[in-house]
Each structure stands twice: as C-alpha cells, then as structure tokens.
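**Student:** The file below is coords_27.cif, mmCIF, N, CA and C atoms:
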data_model
loop_
_atom_site.label_atom_id
_atom_site.label_comp_id
_atom_site.auth_asym_id
_atom_site.auth_seq_id
_atom_site.Cartn_x
_atom_site.Cartn_y
_atom_site.Cartn_z
N MET A 1 0.84 -1.18 0.00
CA MET A 1 0.00 0.00 0.00
C MET A 1 0.88 1.24 0.00
N TYR A 2 0.55 2.20 -0.83
CA TYR A 2 1.30 3.44 -0.92
C TYR A 2 0.62 4.54 -0.11
N THR A 3 1.44 5.34 0.52
CA THR A 3 0.92 6.54 1.16
C THR A 3 1.55 7.72 0.45
N CYS A 4 0.87 8.82 0.42
CA CYS A 4 1.35 9.99 -0.30
C CYS A 4 1.44 11.17 0.66
N SER A 5 2.60 11.78 0.74
CA SER A 5 2.77 13.00 1.52
C SER A 5 3.00 14.13 0.55
N THR A 6 2.17 15.15 0.62
CA THR A 6 2.41 16.30 -0.25
C THR A 6 3.08 17.38 0.57
N PHE A 7 3.71 18.30 -0.11
CA PHE A 7 4.36 19.39 0.58
C PHE A 7 3.42 20.58 0.73
N PHE A 8 2.17 20.39 0.33
CA PHE A 8 1.15 21.41 0.55
C PHE A 8 0.51 21.09 1.89
N GLN A 9 0.65 21.97 2.83
CA GLN A 9 0.13 21.72 4.18
C GLN A 9 -0.95 22.74 4.48
N VAL A 10 -2.18 22.27 4.58
CA VAL A 10 -3.33 23.16 4.75
C VAL A 10 -3.20 24.04 5.98
N GLU A 11 -2.63 23.53 7.03
CA GLU A 11 -2.57 24.29 8.27
C GLU A 11 -1.55 25.43 8.26
N VAL A 12 -0.80 25.60 7.18
CA VAL A 12 0.23 26.63 7.17
C VAL A 12 0.07 27.61 6.00
N PHE A 13 -1.12 28.09 5.77
CA PHE A 13 -1.34 29.08 4.72
C PHE A 13 -0.64 30.39 5.03
N ASN A 14 -0.36 30.66 6.28
CA ASN A 14 0.27 31.92 6.67
C ASN A 14 1.75 31.74 7.00
N ASP A 15 2.40 30.79 6.36
CA ASP A 15 3.81 30.51 6.67
C ASP A 15 4.80 31.35 5.88
N LYS A 16 4.32 32.36 5.18
CA LYS A 16 5.16 33.28 4.41
C LYS A 16 6.06 32.53 3.41
N ALA A 17 5.42 31.63 2.62
CA ALA A 17 6.09 30.88 1.54
C ALA A 17 7.18 29.94 2.04
N LYS A 18 7.02 29.38 3.21
CA LYS A 18 8.00 28.41 3.72
C LYS A 18 7.61 26.97 3.42
N THR A 19 6.39 26.74 2.94
CA THR A 19 5.95 25.40 2.61
C THR A 19 6.62 24.95 1.32
N LEU A 20 6.97 23.68 1.25
CA LEU A 20 7.57 23.11 0.04
C LEU A 20 6.42 22.72 -0.90
N TRP A 21 6.14 23.53 -1.89
CA TRP A 21 4.97 23.39 -2.74
C TRP A 21 5.22 22.52 -3.96
N SER A 22 4.16 22.00 -4.49
CA SER A 22 4.04 21.35 -5.80
C SER A 22 4.97 20.16 -6.03
N SER A 23 5.24 19.41 -5.03
CA SER A 23 5.95 18.14 -5.22
C SER A 23 5.34 17.12 -4.28
N TRP A 24 5.61 15.84 -4.56
CA TRP A 24 5.03 14.77 -3.78
C TRP A 24 6.08 13.74 -3.43
N VAL A 25 5.87 13.09 -2.30
CA VAL A 25 6.63 11.91 -1.90
C VAL A 25 5.63 10.78 -1.80
N ILE A 26 5.94 9.67 -2.44
CA ILE A 26 5.10 8.48 -2.35
C ILE A 26 5.96 7.41 -1.71
N LYS A 27 5.53 6.96 -0.54
CA LYS A 27 6.34 6.02 0.23
C LYS A 27 5.53 4.76 0.50
N SER A 28 6.13 3.60 0.25
CA SER A 28 5.52 2.33 0.59
C SER A 28 6.47 1.57 1.49
N GLU A 29 6.14 0.35 1.76
CA GLU A 29 7.04 -0.47 2.57
C GLU A 29 8.34 -0.78 1.83
N THR A 30 8.31 -0.71 0.49
CA THR A 30 9.48 -1.09 -0.29
C THR A 30 10.06 0.03 -1.14
N ASP A 31 9.30 1.09 -1.44
CA ASP A 31 9.76 2.13 -2.37
C ASP A 31 9.56 3.52 -1.79
N ASN A 32 10.48 4.42 -2.13
CA ASN A 32 10.38 5.83 -1.77
C ASN A 32 10.55 6.62 -3.07
N ILE A 33 9.48 7.31 -3.49
CA ILE A 33 9.44 7.95 -4.81
C ILE A 33 9.19 9.44 -4.64
N PHE A 34 9.84 10.23 -5.48
CA PHE A 34 9.68 11.69 -5.46
C PHE A 34 9.21 12.18 -6.82
N PHE A 35 8.24 13.10 -6.82
CA PHE A 35 7.76 13.76 -8.02
C PHE A 35 7.90 15.25 -7.81
N SER A 36 8.64 15.94 -8.69
CA SER A 36 8.99 17.33 -8.43
C SER A 36 7.94 18.36 -8.79
N GLY A 37 7.12 18.13 -9.79
CA GLY A 37 6.31 19.22 -10.31
C GLY A 37 7.24 20.26 -10.92
N ASP A 38 6.72 21.45 -11.25
CA ASP A 38 7.57 22.52 -11.78
C ASP A 38 8.28 23.21 -10.63
N SER A 39 9.53 23.57 -10.86
CA SER A 39 10.27 24.24 -9.79
C SER A 39 11.53 24.87 -10.34
N GLY A 40 11.88 26.01 -9.82
CA GLY A 40 13.22 26.54 -10.03
C GLY A 40 14.14 25.82 -9.05
N TYR A 41 15.43 25.83 -9.33
CA TYR A 41 16.37 25.17 -8.43
C TYR A 41 16.58 26.02 -7.17
N GLY A 42 16.71 25.37 -6.04
CA GLY A 42 16.99 26.08 -4.80
C GLY A 42 17.29 25.12 -3.67
N SER A 43 17.50 25.67 -2.50
CA SER A 43 17.87 24.88 -1.31
C SER A 43 16.75 23.96 -0.86
N HIS A 44 15.54 24.17 -1.36
CA HIS A 44 14.43 23.30 -0.97
C HIS A 44 14.69 21.84 -1.35
N PHE A 45 15.48 21.59 -2.38
CA PHE A 45 15.76 20.21 -2.74
C PHE A 45 16.61 19.52 -1.67
N LYS A 46 17.58 20.22 -1.12
CA LYS A 46 18.36 19.64 -0.01
C LYS A 46 17.46 19.39 1.20
N ALA A 47 16.55 20.31 1.47
CA ALA A 47 15.62 20.14 2.60
C ALA A 47 14.74 18.91 2.39
N ILE A 48 14.28 18.70 1.17
CA ILE A 48 13.47 17.52 0.86
C ILE A 48 14.30 16.26 1.03
N GLY A 49 15.54 16.27 0.53
CA GLY A 49 16.42 15.12 0.68
C GLY A 49 16.69 14.78 2.14
N GLU A 50 16.91 15.80 2.94
CA GLU A 50 17.16 15.58 4.37
C GLU A 50 15.92 15.05 5.09
N ALA A 51 14.76 15.60 4.76
CA ALA A 51 13.53 15.23 5.46
C ALA A 51 12.93 13.91 4.98
N TYR A 52 13.03 13.61 3.67
CA TYR A 52 12.29 12.48 3.11
C TYR A 52 13.14 11.49 2.34
N GLY A 53 14.39 11.81 2.04
CA GLY A 53 15.24 10.92 1.26
C GLY A 53 15.89 9.87 2.12
N PRO A 54 16.70 9.05 1.54
CA PRO A 54 16.98 8.98 0.11
C PRO A 54 15.82 8.36 -0.65
N PHE A 55 15.78 8.61 -1.95
CA PHE A 55 14.71 8.12 -2.80
C PHE A 55 15.22 7.01 -3.71
N ASP A 56 14.34 6.06 -3.98
CA ASP A 56 14.66 5.00 -4.93
C ASP A 56 14.52 5.49 -6.36
N PHE A 57 13.55 6.37 -6.58
CA PHE A 57 13.21 6.83 -7.92
C PHE A 57 12.65 8.23 -7.81
N ALA A 58 13.06 9.10 -8.73
CA ALA A 58 12.56 10.48 -8.73
C ALA A 58 12.21 10.90 -10.15
N MET A 59 11.11 11.59 -10.28
CA MET A 59 10.70 12.21 -11.53
C MET A 59 10.88 13.71 -11.33
N ILE A 60 11.84 14.29 -12.06
CA ILE A 60 12.19 15.69 -11.84
C ILE A 60 12.07 16.46 -13.15
N GLU A 61 11.45 17.64 -13.06
CA GLU A 61 11.24 18.44 -14.28
C GLU A 61 12.57 18.84 -14.90
N CYS A 62 12.55 18.83 -16.21
CA CYS A 62 13.76 19.13 -16.98
C CYS A 62 13.31 19.59 -18.36
N GLY A 63 13.17 20.84 -18.54
CA GLY A 63 12.77 21.30 -19.86
C GLY A 63 11.87 22.51 -19.78
N GLN A 64 11.65 23.10 -20.93
CA GLN A 64 10.83 24.31 -21.04
C GLN A 64 11.43 25.44 -20.21
N TYR A 65 12.75 25.57 -20.27
CA TYR A 65 13.45 26.59 -19.50
C TYR A 65 13.78 27.80 -20.36
N ASN A 66 13.95 28.90 -19.67
CA ASN A 66 14.25 30.17 -20.31
C ASN A 66 14.74 31.09 -19.19
N THR A 67 15.60 32.03 -19.50
CA THR A 67 16.09 32.93 -18.46
C THR A 67 14.94 33.68 -17.78
N LEU A 68 13.87 33.93 -18.50
CA LEU A 68 12.72 34.64 -17.91
C LEU A 68 11.90 33.76 -16.98
N TRP A 69 12.05 32.44 -17.07
CA TRP A 69 11.26 31.50 -16.27
C TRP A 69 12.11 30.75 -15.25
N HIS A 70 13.30 31.24 -14.96
CA HIS A 70 14.24 30.49 -14.15
C HIS A 70 13.72 30.18 -12.74
N ASP A 71 12.82 30.98 -12.23
CA ASP A 71 12.27 30.71 -10.90
C ASP A 71 11.31 29.52 -10.90
N ILE A 72 10.82 29.13 -12.06
CA ILE A 72 9.83 28.04 -12.09
C ILE A 72 10.22 26.87 -12.97
N HIS A 73 11.33 26.96 -13.71
CA HIS A 73 11.80 25.85 -14.54
C HIS A 73 13.32 25.78 -14.45
N MET A 74 13.82 24.58 -14.18
CA MET A 74 15.26 24.39 -14.02
C MET A 74 15.95 24.14 -15.35
N TYR A 75 17.21 24.52 -15.41
CA TYR A 75 18.07 24.10 -16.50
C TYR A 75 18.44 22.64 -16.26
N PRO A 76 18.77 21.87 -17.29
CA PRO A 76 19.08 20.45 -17.11
C PRO A 76 20.18 20.17 -16.08
N GLU A 77 21.20 21.00 -16.03
CA GLU A 77 22.28 20.80 -15.05
C GLU A 77 21.76 20.99 -13.63
N GLU A 78 20.77 21.85 -13.47
CA GLU A 78 20.15 22.03 -12.15
C GLU A 78 19.26 20.84 -11.80
N THR A 79 18.67 20.22 -12.79
CA THR A 79 17.92 18.99 -12.56
C THR A 79 18.85 17.93 -12.00
N ALA A 80 20.04 17.81 -12.57
CA ALA A 80 21.02 16.85 -12.06
C ALA A 80 21.41 17.17 -10.62
N GLN A 81 21.62 18.44 -10.31
CA GLN A 81 21.98 18.83 -8.95
C GLN A 81 20.82 18.59 -7.99
N ALA A 82 19.60 18.85 -8.42
CA ALA A 82 18.43 18.58 -7.57
C ALA A 82 18.35 17.09 -7.24
N ALA A 83 18.65 16.24 -8.21
CA ALA A 83 18.64 14.79 -7.98
C ALA A 83 19.68 14.39 -6.94
N ILE A 84 20.84 15.01 -7.00
CA ILE A 84 21.87 14.76 -5.98
C ILE A 84 21.38 15.26 -4.62
N ASP A 85 20.79 16.44 -4.61
CA ASP A 85 20.34 17.04 -3.35
C ASP A 85 19.26 16.21 -2.66
N ILE A 86 18.36 15.61 -3.42
CA ILE A 86 17.30 14.82 -2.78
C ILE A 86 17.76 13.41 -2.47
N LYS A 87 18.96 13.07 -2.91
CA LYS A 87 19.57 11.77 -2.61
C LYS A 87 18.80 10.62 -3.27
N THR A 88 18.62 10.74 -4.58
CA THR A 88 17.91 9.68 -5.28
C THR A 88 18.88 8.74 -5.99
N HIS A 89 18.43 7.52 -6.18
CA HIS A 89 19.25 6.51 -6.86
C HIS A 89 19.00 6.52 -8.37
N ARG A 90 17.75 6.83 -8.76
CA ARG A 90 17.39 6.85 -10.18
C ARG A 90 16.53 8.07 -10.47
N VAL A 91 16.73 8.69 -11.63
CA VAL A 91 16.00 9.89 -12.04
C VAL A 91 15.41 9.70 -13.42
N MET A 92 14.15 10.09 -13.56
CA MET A 92 13.53 10.16 -14.87
C MET A 92 13.16 11.62 -15.12
N PRO A 93 13.73 12.24 -16.17
CA PRO A 93 13.37 13.63 -16.47
C PRO A 93 11.94 13.71 -16.99
N ILE A 94 11.22 14.72 -16.53
CA ILE A 94 9.85 14.94 -16.98
C ILE A 94 9.70 16.37 -17.47
N HIS A 95 8.62 16.64 -18.18
CA HIS A 95 8.27 17.97 -18.70
C HIS A 95 9.17 18.41 -19.84
N TRP A 96 9.86 17.51 -20.49
CA TRP A 96 10.76 17.95 -21.56
C TRP A 96 10.30 17.51 -22.94
N GLY A 97 9.56 16.43 -23.07
CA GLY A 97 9.37 15.87 -24.38
C GLY A 97 7.98 15.89 -24.97
N ALA A 98 7.01 16.46 -24.29
CA ALA A 98 5.65 16.42 -24.82
C ALA A 98 5.46 17.38 -25.99
N PHE A 99 5.72 18.64 -25.76
CA PHE A 99 5.67 19.64 -26.82
C PHE A 99 6.54 20.80 -26.41
N LYS A 100 6.92 21.60 -27.36
CA LYS A 100 7.91 22.65 -27.13
C LYS A 100 7.23 23.97 -26.76
N LEU A 101 7.56 24.50 -25.58
CA LEU A 101 7.09 25.80 -25.15
C LEU A 101 8.21 26.84 -25.19
N ALA A 102 9.42 26.40 -24.93
CA ALA A 102 10.57 27.31 -24.83
C ALA A 102 11.31 27.37 -26.16
N MET A 103 12.31 28.24 -26.20
CA MET A 103 13.06 28.46 -27.43
C MET A 103 14.19 27.45 -27.66
N HIS A 104 14.46 26.59 -26.68
CA HIS A 104 15.52 25.60 -26.89
C HIS A 104 15.02 24.48 -27.82
N GLU A 105 15.96 23.75 -28.38
CA GLU A 105 15.62 22.61 -29.23
C GLU A 105 14.86 21.57 -28.41
N TRP A 106 14.02 20.80 -29.06
CA TRP A 106 13.17 19.82 -28.40
C TRP A 106 13.98 18.82 -27.58
N THR A 107 15.12 18.38 -28.09
CA THR A 107 15.93 17.38 -27.39
C THR A 107 16.99 17.98 -26.47
N ASP A 108 17.14 19.29 -26.47
CA ASP A 108 18.18 19.93 -25.67
C ASP A 108 18.11 19.55 -24.18
N PRO A 109 16.95 19.53 -23.55
CA PRO A 109 16.91 19.19 -22.13
C PRO A 109 17.46 17.79 -21.82
N VAL A 110 17.01 16.80 -22.55
CA VAL A 110 17.45 15.44 -22.24
C VAL A 110 18.90 15.22 -22.64
N GLU A 111 19.36 15.87 -23.71
CA GLU A 111 20.77 15.74 -24.09
C GLU A 111 21.68 16.39 -23.05
N ARG A 112 21.31 17.57 -22.58
CA ARG A 112 22.14 18.24 -21.56
C ARG A 112 22.11 17.48 -20.24
N LEU A 113 20.94 16.95 -19.85
CA LEU A 113 20.87 16.17 -18.61
C LEU A 113 21.66 14.88 -18.74
N THR A 114 21.58 14.24 -19.88
CA THR A 114 22.37 13.01 -20.10
C THR A 114 23.86 13.29 -19.93
N GLU A 115 24.32 14.39 -20.46
CA GLU A 115 25.73 14.78 -20.31
C GLU A 115 26.06 15.08 -18.84
N ALA A 116 25.21 15.85 -18.17
CA ALA A 116 25.45 16.20 -16.77
C ALA A 116 25.42 14.97 -15.87
N ALA A 117 24.60 14.00 -16.21
CA ALA A 117 24.44 12.80 -15.36
C ALA A 117 25.65 11.87 -15.42
N LYS A 118 26.53 12.06 -16.37
CA LYS A 118 27.71 11.19 -16.50
C LYS A 118 28.61 11.23 -15.28
N THR A 119 28.58 12.31 -14.53
CA THR A 119 29.47 12.44 -13.36
C THR A 119 28.69 12.45 -12.05
N THR A 120 27.50 11.90 -12.05
CA THR A 120 26.67 11.89 -10.84
C THR A 120 26.52 10.49 -10.28
N PRO A 121 26.06 10.39 -9.03
CA PRO A 121 25.88 9.06 -8.44
C PRO A 121 24.55 8.39 -8.80
N PHE A 122 23.65 9.07 -9.50
CA PHE A 122 22.35 8.48 -9.82
C PHE A 122 22.34 7.88 -11.23
N GLU A 123 21.39 6.98 -11.43
CA GLU A 123 21.16 6.39 -12.75
C GLU A 123 20.07 7.20 -13.44
N LEU A 124 20.29 7.54 -14.69
CA LEU A 124 19.31 8.30 -15.47
C LEU A 124 18.41 7.33 -16.22
N ILE A 125 17.11 7.48 -16.07
CA ILE A 125 16.12 6.62 -16.71
C ILE A 125 15.41 7.44 -17.79
N THR A 126 15.47 6.99 -19.04
CA THR A 126 14.86 7.74 -20.15
C THR A 126 14.00 6.82 -21.01
N PRO A 127 12.85 6.42 -20.52
CA PRO A 127 11.99 5.54 -21.32
C PRO A 127 11.36 6.30 -22.49
N VAL A 128 10.96 5.58 -23.50
CA VAL A 128 10.22 6.17 -24.60
C VAL A 128 8.93 6.76 -24.01
N ILE A 129 8.59 7.97 -24.44
CA ILE A 129 7.40 8.64 -23.90
C ILE A 129 6.19 7.73 -24.07
N GLY A 130 5.46 7.58 -22.98
CA GLY A 130 4.24 6.77 -22.97
C GLY A 130 4.44 5.33 -22.57
N SER A 131 5.69 4.88 -22.50
CA SER A 131 5.93 3.49 -22.11
C SER A 131 5.94 3.37 -20.59
N PRO A 132 5.52 2.22 -20.05
CA PRO A 132 5.50 2.05 -18.60
C PRO A 132 6.92 1.95 -18.03
N VAL A 133 7.06 2.34 -16.77
CA VAL A 133 8.32 2.20 -16.06
C VAL A 133 8.06 1.29 -14.87
N ILE A 134 8.69 0.14 -14.86
CA ILE A 134 8.58 -0.80 -13.74
C ILE A 134 9.83 -0.58 -12.91
N LEU A 135 9.66 -0.16 -11.66
CA LEU A 135 10.80 0.31 -10.87
C LEU A 135 11.95 -0.68 -10.77
N ASP A 136 11.67 -1.96 -10.55
CA ASP A 136 12.78 -2.90 -10.40
C ASP A 136 13.42 -3.26 -11.75
N LYS A 137 12.85 -2.78 -12.85
CA LYS A 137 13.41 -3.02 -14.18
C LYS A 137 13.64 -1.71 -14.92
N ALA A 138 13.69 -0.60 -14.20
CA ALA A 138 13.71 0.73 -14.83
C ALA A 138 14.91 0.94 -15.74
N SER A 139 16.08 0.43 -15.37
CA SER A 139 17.26 0.68 -16.20
C SER A 139 17.12 0.06 -17.59
N LYS A 140 16.31 -0.99 -17.70
CA LYS A 140 16.10 -1.61 -19.00
C LYS A 140 15.24 -0.73 -19.92
N SER A 141 14.57 0.29 -19.33
CA SER A 141 13.73 1.16 -20.16
C SER A 141 14.49 2.39 -20.64
N SER A 142 15.76 2.49 -20.34
CA SER A 142 16.56 3.64 -20.75
C SER A 142 17.23 3.41 -22.09
N THR A 143 16.98 4.34 -22.99
CA THR A 143 17.65 4.32 -24.28
C THR A 143 17.86 5.78 -24.68
N HIS A 144 18.53 5.99 -25.76
CA HIS A 144 18.65 7.33 -26.35
C HIS A 144 17.75 7.38 -27.58
N TRP A 145 16.50 7.06 -27.38
CA TRP A 145 15.52 6.91 -28.45
C TRP A 145 15.28 8.20 -29.23
N TRP A 146 15.56 9.35 -28.66
CA TRP A 146 15.28 10.64 -29.31
C TRP A 146 16.30 11.00 -30.39
N LYS A 147 17.40 10.25 -30.46
CA LYS A 147 18.46 10.57 -31.44
C LYS A 147 18.09 10.08 -32.83
#
Can the structure from this file be put into structure tokens for me?

**Tutor:**
Amino acid sequence: MYTCSTFFQVEVFNDKAKTLWSSWVIKSETDNIFFSGDSGYGSHFKAIGEAYGPFDFAMIECGQYNTLWHDIHMYPEETAQAAIDIKTHRVMPIHWGAFKLAMHEWTDPVERLTEAAKTTPFELITPVIGSPVILDKASKSSTHWWK
C-alpha cells in the first residue's frame, strides 16, 4: 500500500512561503518515490532530501526553461543537482518531451541532462514517452531513443 505525503500543508497558509509546494513523496514499505512538479532550483531540494530521502526513484522536471522563467523551470544541469540534493538513486526527467514551449531545441533538455548525469551518483532513466516504467526493471527502459 502506498501513502502519499504532499508538501502542501493546509494548516500553514500563513507561513510566508515556507511550505515546500508542488511536489510529492510516495512512500511504501518497499519504495520511496519523489515527483517534483515545476520548480526553479533552490535549497528546498536539499531540505526535501534531508527530510524524506533517500529516494529509490525520482521524476524531476527538466525542460521548457528560459532565463525569464528560471524561478519556475530548471536548466538540465540544475535537474542533475536537484537529484543529488534529494539523494535519489534513479532519475527520470519529466516535462521535456511532450511539446515545445521554450526556445531551446526539443531534445536539448534530455541531451544536456544526459551529459550532466555522466558524473553523478544516480542512474538516469529515459523511457520512450508513454511506455511504462517498472521500478525494479527501470534501467532496461533507458535508451537514447530521441536521437
């Protein structure tokens, strides 16, 4: 059975933006999963890692970035750092491949994250869009299918 902890806490509407918004932790007896939602990079990722990590699997936004949107969308290298900060073992980039909103090339986010991930302790998971990801077999779903 999975339980879900969100970082939206109803009792703290007056916390002056101290709540960790728009991300989720899904924890079971065997798995600890993180979903980032949209986010700019910041110290909140270390706070999440300290409070809820380490994670077995994380889905972290990577794409649709622009200097004007930096507070709400990370650059791919920041996605890699966020994965390190939350202490995850495996990362699947999200929000990069559905359709293009930003001025970067469609594959730029995943290519830059793939390069950044070469020197990190986590495994990068890049399944074909729409295909299922089975956690204990996730590495088998990674390819460079976009090339």

**Student:** Could you tell me which of A:Ile86, A:Ala58, A:Tyr41, A:Met92 comes closest to A:Ile72 if we count all atoms listed in the file?

**Tutor:**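 Looking at the shortest contact to A:Ile72, the residue is A:Tyr41.
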
**Student:** Translate the PyMOL selection byres ((chain A and resi 109-126) around 6) into a concrete residue list for this structure, as a PyMOL selection string.

**Tutor:** chain A and resi 62-63+76-77+88-93+105-108+127-128+138+141-143

**Student:** May I ask for the distance between atom C of A:His44 and atom C of A:Asp85, given in Å to one decimal place?

**Tutor:** 7.4 Å

**Student:** For each of A:Thr30, A:Thr67, A:Ile84, A:Glu78, take the minimum atom-to-atom distance to A:Glu50, counting only C-alpha atoms, then give the residue where this is smallest.

**Tutor:** A:Ile84

**Student:** How far is it from atom CA of A:Gly42 to atom CA of A:Ala102, in Å with one decimal?

**Tutor:**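 Straight-line distance from atom CA of A:Gly42 to atom CA of A:Ala102 works out to 21.1 Å.
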
**Student:** At a cut-off of 7 Å, using only N, CA and C atoms, what residues contact A:Ile33? Leave out same-chain residues fewer than 3 positions from it and give the result as a ChimeraX atom specification.

**Tutor:** /A:24-28,55-59

**Student:** Distance atom N of A:Gly37-atom N of A:Ser23, one decimal place?

**Tutor:**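 Those two atoms sit 5.3 Å apart.
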
**Student:** Measuring between all atoms listed in the file, which one of A:Asp71, A:Glu61, A:Asp136, A:Glu29 shows the shortest distance to A:Ile94?

**Tutor:**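 Going through A:Asp71, A:Glu61, A:Asp136, A:Glu29 one by one, the smallest distance to A:Ile94 is for A:Glu61.
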
**Student:** Give me stretch 72-100 of chain A from this structure - N, CA and C atoms, as a PDB file, in the first residue's frame.

**Tutor:**
ATOM      1  N   ILE A  72      10.818  29.127 -12.060  1.00  0.00           N
ATOM      2  CA  ILE A  72       9.826  28.043 -12.093  1.00  0.00           C
ATOM      3  C   ILE A  72      10.221  26.865 -12.974  1.00  0.00           C
ATOM      4  N   HIS A  73      11.329  26.965 -13.713  1.00  0.00           N
ATOM      5  CA  HIS A  73      11.803  25.849 -14.537  1.00  0.00           C
ATOM      6  C   HIS A  73      13.320  25.777 -14.454  1.00  0.00           C
ATOM      7  N   MET A  74      13.820  24.576 -14.176  1.00  0.00           N
ATOM      8  CA  MET A  74      15.263  24.391 -14.018  1.00  0.00           C
ATOM      9  C   MET A  74      15.948  24.137 -15.355  1.00  0.00           C
ATOM     10  N   TYR A  75      17.207  24.516 -15.412  1.00  0.00           N
ATOM     11  CA  TYR A  75      18.067  24.099 -16.505  1.00  0.00           C
ATOM     12  C   TYR A  75      18.442  22.637 -16.256  1.00  0.00           C
ATOM     13  N   PRO A  76      18.774  21.867 -17.288  1.00  0.00           N
ATOM     14  CA  PRO A  76      19.085  20.447 -17.107  1.00  0.00           C
ATOM     15  C   PRO A  76      20.184  20.170 -16.079  1.00  0.00           C
ATOM     16  N   GLU A  77      21.200  20.998 -16.031  1.00  0.00           N
ATOM     17  CA  GLU A  77      22.276  20.798 -15.054  1.00  0.00           C
ATOM     18  C   GLU A  77      21.758  20.992 -13.627  1.00  0.00           C
ATOM     19  N   GLU A  78      20.769  21.851 -13.465  1.00  0.00           N
ATOM     20  CA  GLU A  78      20.145  22.034 -12.149  1.00  0.00           C
ATOM     21  C   GLU A  78      19.264  20.840 -11.795  1.00  0.00           C
ATOM     22  N   THR A  79      18.666  20.222 -12.792  1.00  0.00           N
ATOM     23  CA  THR A  79      17.917  18.986 -12.561  1.00  0.00           C
ATOM     24  C   THR A  79      18.851  17.927 -11.995  1.00  0.00           C
ATOM     25  N   ALA A  80      20.038  17.811 -12.570  1.00  0.00           N
ATOM     26  CA  ALA A  80      21.025  16.849 -12.060  1.00  0.00           C
ATOM     27  C   ALA A  80      21.409  17.174 -10.621  1.00  0.00           C
ATOM     28  N   GLN A  81      21.618  18.443 -10.312  1.00  0.00           N
ATOM     29  CA  GLN A  81      21.981  18.832  -8.950  1.00  0.00           C
ATOM     30  C   GLN A  81      20.824  18.586  -7.987  1.00  0.00           C
ATOM     31  N   ALA A  82      19.596  18.847  -8.421  1.00  0.00           N
ATOM     32  CA  ALA A  82      18.433  18.582  -7.574  1.00  0.00           C
ATOM     33  C   ALA A  82      18.345  17.092  -7.236  1.00  0.00           C
ATOM     34  N   ALA A  83      18.647  16.237  -8.215  1.00  0.00           N
ATOM     35  CA  ALA A  83      18.639  14.785  -7.981  1.00  0.00           C
ATOM     36  C   ALA A  83      19.675  14.393  -6.937  1.00  0.00           C
ATOM     37  N   ILE A  84      20.835  15.014  -6.999  1.00  0.00           N
ATOM     38  CA  ILE A  84      21.870  14.764  -5.985  1.00  0.00           C
ATOM     39  C   ILE A  84      21.384  15.257  -4.625  1.00  0.00           C
ATOM     40  N   ASP A  85      20.792  16.440  -4.609  1.00  0.00           N
ATOM     41  CA  ASP A  85      20.337  17.042  -3.353  1.00  0.00           C
ATOM     42  C   ASP A  85      19.263  16.213  -2.656  1.00  0.00           C
ATOM     43  N   ILE A  86      18.356  15.615  -3.422  1.00  0.00           N
ATOM     44  CA  ILE A  86      17.299  14.823  -2.782  1.00  0.00           C
ATOM     45  C   ILE A  86      17.756  13.407  -2.468  1.00  0.00           C
ATOM     46  N   LYS A  87      18.961  13.071  -2.905  1.00  0.00           N
ATOM     47  CA  LYS A  87      19.570  11.766  -2.611  1.00  0.00           C
ATOM     48  C   LYS A  87      18.802  10.618  -3.274  1.00  0.00           C
ATOM     49  N   THR A  88      18.621  10.737  -4.576  1.00  0.00           N
ATOM     50  CA  THR A  88      17.909   9.678  -5.280  1.00  0.00           C
ATOM     51  C   THR A  88      18.879   8.743  -5.992  1.00  0.00           C
ATOM     52  N   HIS A  89      18.435   7.517  -6.179  1.00  0.00           N
ATOM     53  CA  HIS A  89      19.248   6.515  -6.860  1.00  0.00           C
ATOM     54  C   HIS A  89      18.997   6.516  -8.370  1.00  0.00           C
ATOM     55  N   ARG A  90      17.748   6.831  -8.764  1.00  0.00           N
ATOM     56  CA  ARG A  90      17.385   6.851 -10.177  1.00  0.00           C
ATOM     57  C   ARG A  90      16.527   8.072 -10.468  1.00  0.00           C
ATOM     58  N   VAL A  91      16.729   8.686 -11.633  1.00  0.00           N
ATOM     59  CA  VAL A  91      16.003   9.892 -12.035  1.00  0.00           C
ATOM     60  C   VAL A  91      15.411   9.704 -13.422  1.00  0.00           C
ATOM     61  N   MET A  92      14.154  10.093 -13.556  1.00  0.00           N
ATOM     62  CA  MET A  92      13.530  10.160 -14.867  1.00  0.00           C
ATOM     63  C   MET A  92      13.159  11.618 -15.121  1.00  0.00           C
ATOM     64  N   PRO A  93      13.729  12.244 -16.168  1.00  0.00           N
ATOM     65  CA  PRO A  93      13.372  13.627 -16.466  1.00  0.00           C
ATOM     66  C   PRO A  93      11.942  13.709 -16.989  1.00  0.00           C
ATOM     67  N   ILE A  94      11.222  14.723 -16.527  1.00  0.00           N
ATOM     68  CA  ILE A  94       9.852  14.936 -16.984  1.00  0.00           C
ATOM     69  C   ILE A  94       9.703  16.373 -17.471  1.00  0.00           C
ATOM     70  N   HIS A  95       8.622  16.641 -18.182  1.00  0.00           N
ATOM     71  CA  HIS A  95       8.268  17.970 -18.700  1.00  0.00           C
ATOM     72  C   HIS A  95       9.169  18.410 -19.843  1.00  0.00           C
ATOM     73  N   TRP A  96       9.859  17.514 -20.491  1.00  0.00           N
ATOM     74  CA  TRP A  96      10.760  17.948 -21.557  1.00  0.00           C
ATOM     75  C   TRP A  96      10.303  17.505 -22.940  1.00  0.00           C
ATOM     76  N   GLY A  97       9.565  16.434 -23.066  1.00  0.00           N
ATOM     77  CA  GLY A  97       9.373  15.865 -24.384  1.00  0.00           C
ATOM     78  C   GLY A  97       7.979  15.895 -24.969  1.00  0.00           C
ATOM     79  N   ALA A  98       7.010  16.463 -24.295  1.00  0.00           N
ATOM     80  CA  ALA A  98       5.649  16.417 -24.823  1.00  0.00           C
ATOM     81  C   ALA A  98       5.463  17.383 -25.992  1.00  0.00           C
ATOM     82  N   PHE A  99       5.722  18.637 -25.764  1.00  0.00           N
ATOM     83  CA  PHE A  99       5.665  19.640 -26.824  1.00  0.00           C
ATOM     84  C   PHE A  99       6.536  20.802 -26.405  1.00  0.00           C
ATOM     85  N   LYS A 100       6.916  21.599 -27.357  1.00  0.00           N
ATOM     86  CA  LYS A 100       7.906  22.651 -27.131  1.00  0.00           C
ATOM     87  C   LYS A 100       7.230  23.967 -26.758  1.00  0.00           C
TER      88      LYS A 100
END
